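Undergrad: After the structure tokens below, expect a handful of questions from me.
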Amino acid sequence: PNRLLKNKRLTMLRSSGRWFLSSRLGIRRGLSSARERMEYDVVIVGAGPAGLSAAIRLKQLSDDVSVCVLEKGSEVGAHIVSGNVFEPRALDELLPEWREDASCPIRTPVAEDRFYYLTESRSVALPTPPVLDNHGNYVTSLSQVARWLGAKAEDLGVEIYPGFAASEVLYDEEEGGASSSDRDRDRVLRVAGVATRDVGRNKDGSPKETFEAGVELRGRQTLFAEGARGSCTEALLAKVGSGGGGGRPVPQTYGLGVKEVWRVADLKPGLVQHTIGWPLDWATYGGSFLYHGSDHVHLGFVVGPDYAHPTPSPP
């Protein structure tokens, strides 16, 4: 029954654009501005490690809680391209038997940390700062971890819909505290869920003949787990902010980064390397990382966006 219900809801979501609702569901095909609605106890935006872990924990606490996860990527993990040094304490609490799970992609323990200062012609080994001490951690791929968590969540009954981006935050008004007049009460906004994007509109916003309205996914609680620059999260913070006063509840810091995954012959599984210095100048914050996994090297370079020189190398 749960799978049949999910297939029905997936058909509803796919009604926009390339697919249309079956007439057997009692919904007409064609031009309509009415949105269909799907109700859940909890709606989660983003199928990354945070969103999926929350979904798993909710179902562990109560199998009766209905949980939906909306993911803009074509599949779970598609938008997570990152090598990762994984600290396992939270996973030990969430899924204590993960080490015995043959399908788990977290299987390369950190064997050694190295920290270097680079010049253009040489490297100088430095003591590893405590914050970069990875004893007990693991080298893994976050994309693979997300796929694995997604499978665990679905096994528990979480409904995950990849390929559907949340484009709008939905709000309901409810009464707040008493105002100066007993007859006039303050109205406060409550997040009621999200909606997927309308399709089939002209450039001026008017509907085409192929127009299909997006679908509303409404929940008693909505969790935004989109990442550092999620569009719905940005819209929510701009509207509500911290305590309703606007602005961010926690200041954010950002960096410009390049990340790649390489297959190399001289692989040292479990080796974690970090560098500072060249090719950046002494006044520019940044550095590189190389994480040796079981079959690939995950490497990247990050530069703080407060650099003064207009053309740093790498740019």
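Chain lettering (A, B, ...) mirrors the order of the structure tokens, residue numbering begins at 1 for each chain separately, and ligand numbering begins at 1 in order of display.
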Using only C-alpha atoms, I'd like a table of the residues in segment 118-229 of chain A that come within 8 Å of segment 87-103 of chain A; for each, show the closest atom pair and its distance in Å rounded to one decimal, ordered by chain and ascending number, as CSV.

TA:
```
residue,atom,partner,partner_atom,distance
A:Asn134,CA,A:Glu87,CA,7.9
A:Gly136,CA,A:Glu87,CA,7.5
A:Asn137,CA,A:Glu87,CA,4.9
A:Tyr138,CA,A:Glu87,CA,6.7
A:Trp148,CA,A:Ser103,CA,7.4
```

Undergrad: Include C-alpha atoms and write out the residues we just selected as a compact mmCIF listing (two decimals), in the first residue's frame.

TA:
```txt
# COMPACT_ATOMS: atom_id res chain seq x y z
CA ASN A 134 41.66 13.07 11.80
CA GLY A 136 39.41 7.84 14.02
CA ASN A 137 37.88 9.43 10.93
CA TYR A 138 37.31 7.97 7.45
CA TRP A 148 23.49 4.92 0.92
```

Undergrad: Set the distance at 12 Å and use only C-alpha atoms: which residues neighbour segment 289-296 of chain A once local chain neighbours fewer than 2 positions away are removed? I'd like the list as JSON, numbers by chain.

TA: {"A": [82, 83, 84, 85, 86, 105, 106, 107, 108, 109, 110, 111, 112, 113, 114, 115, 116, 132, 134, 137, 138, 139, 140, 141, 142, 257, 258, 259, 260, 261, 262, 263, 264, 265, 266, 267, 268, 269, 270, 271, 272, 273, 274, 275, 276, 286, 287, 298, 299, 300, 301, 302, 303]}

Undergrad: Show which residues sit within 9 Å of Glu71 of chain A, as a list in words. Count only C-alpha atoms, and ignore same-chain residues fewer than 2 positions away.

TA: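 In the requested format, the answer is Ile44, Val45, Gly46, Ala47, Gly48, Val69, Gly73, Ser74, Glu75, Val76, Ile160, Tyr161, Pro162, Gly163, Phe164, Ala165, Ala166 and Glu226 of chain A.
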
Undergrad: Could you write out, as an MDAnalysis selection string, all the residues of segment 132-257 of chain A that DSSP marks as strand (DSSP E or B)?

TA: chainID A and resid 138:141 159:162 166:178 185:196 199:201 207:212 215:224 241 246 256:257

Undergrad: So which one's closest to Leu189 of chain A, A:Arg220, A:Arg147, A:Arg35, A:Lys239? Using only C-alpha atoms, please.

TA: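 Distance minimum relative to Leu189 of chain A lands on A:Lys239.
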
Undergrad: Closest to Leu223 of chain A among A:Arg197, A:Val169, A:Tyr117, A:Thr128, using only C-alpha atoms?

TA: A:Val169

Undergrad: Calculate how many Å separate atom CA of Ala213 of chain A from atom CA of Met38 of chain A, rounding to one decimal.

TA: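 If I compute the distance from atom CA of Ala213 of chain A to atom CA of Met38 of chain A, I get 13.6 Å.
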
Undergrad: Rank nothing, just name the residue among A:Val81, A:Leu217, A:Leu237, A:Leu118 nearest to Ala192 of chain A, using only C-alpha atoms.

TA: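 Distance minimum relative to Ala192 of chain A lands on A:Leu217.
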
Undergrad: Check segment 99-186 of chain A with DSSP on the backbone and list each residue it calls alpha helix (DSSP H), as a PyMOL selection string.

TA: chain A and resi 142-155

Undergrad: Can you measure atom CA of Ser167 of chain A to atom CA of Ala55 of chain A for me? One decimal in Å is fine.

TA: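 For atom CA of Ser167 of chain A relative to atom CA of Ala55 of chain A, the distance reads 20.6 Å.
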
Undergrad: Provide the atom CA of Val131 of chain A to atom CA of Ser143 of chain A distance in Å, to one decimal place.

TA: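 According to the coordinates, atom CA of Val131 of chain A and atom CA of Ser143 of chain A are separated by 23.9 Å.
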
Undergrad: For Asp63 of chain A, please output as number ranges by chain all residues within 12 Å (counting only C-alpha atoms; exclusion window: fewer than 4 positions along the same chain).

TA: A: 41, 55-59, 67, 153, 155-158

Undergrad: Nearest residue to Thr222 of chain A out of A:Leu280, A:Val194, A:Ala238, A:Cys104, using only C-alpha atoms?

TA: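 That would be A:Val194, the residue with the smallest distance to Thr222 of chain A.
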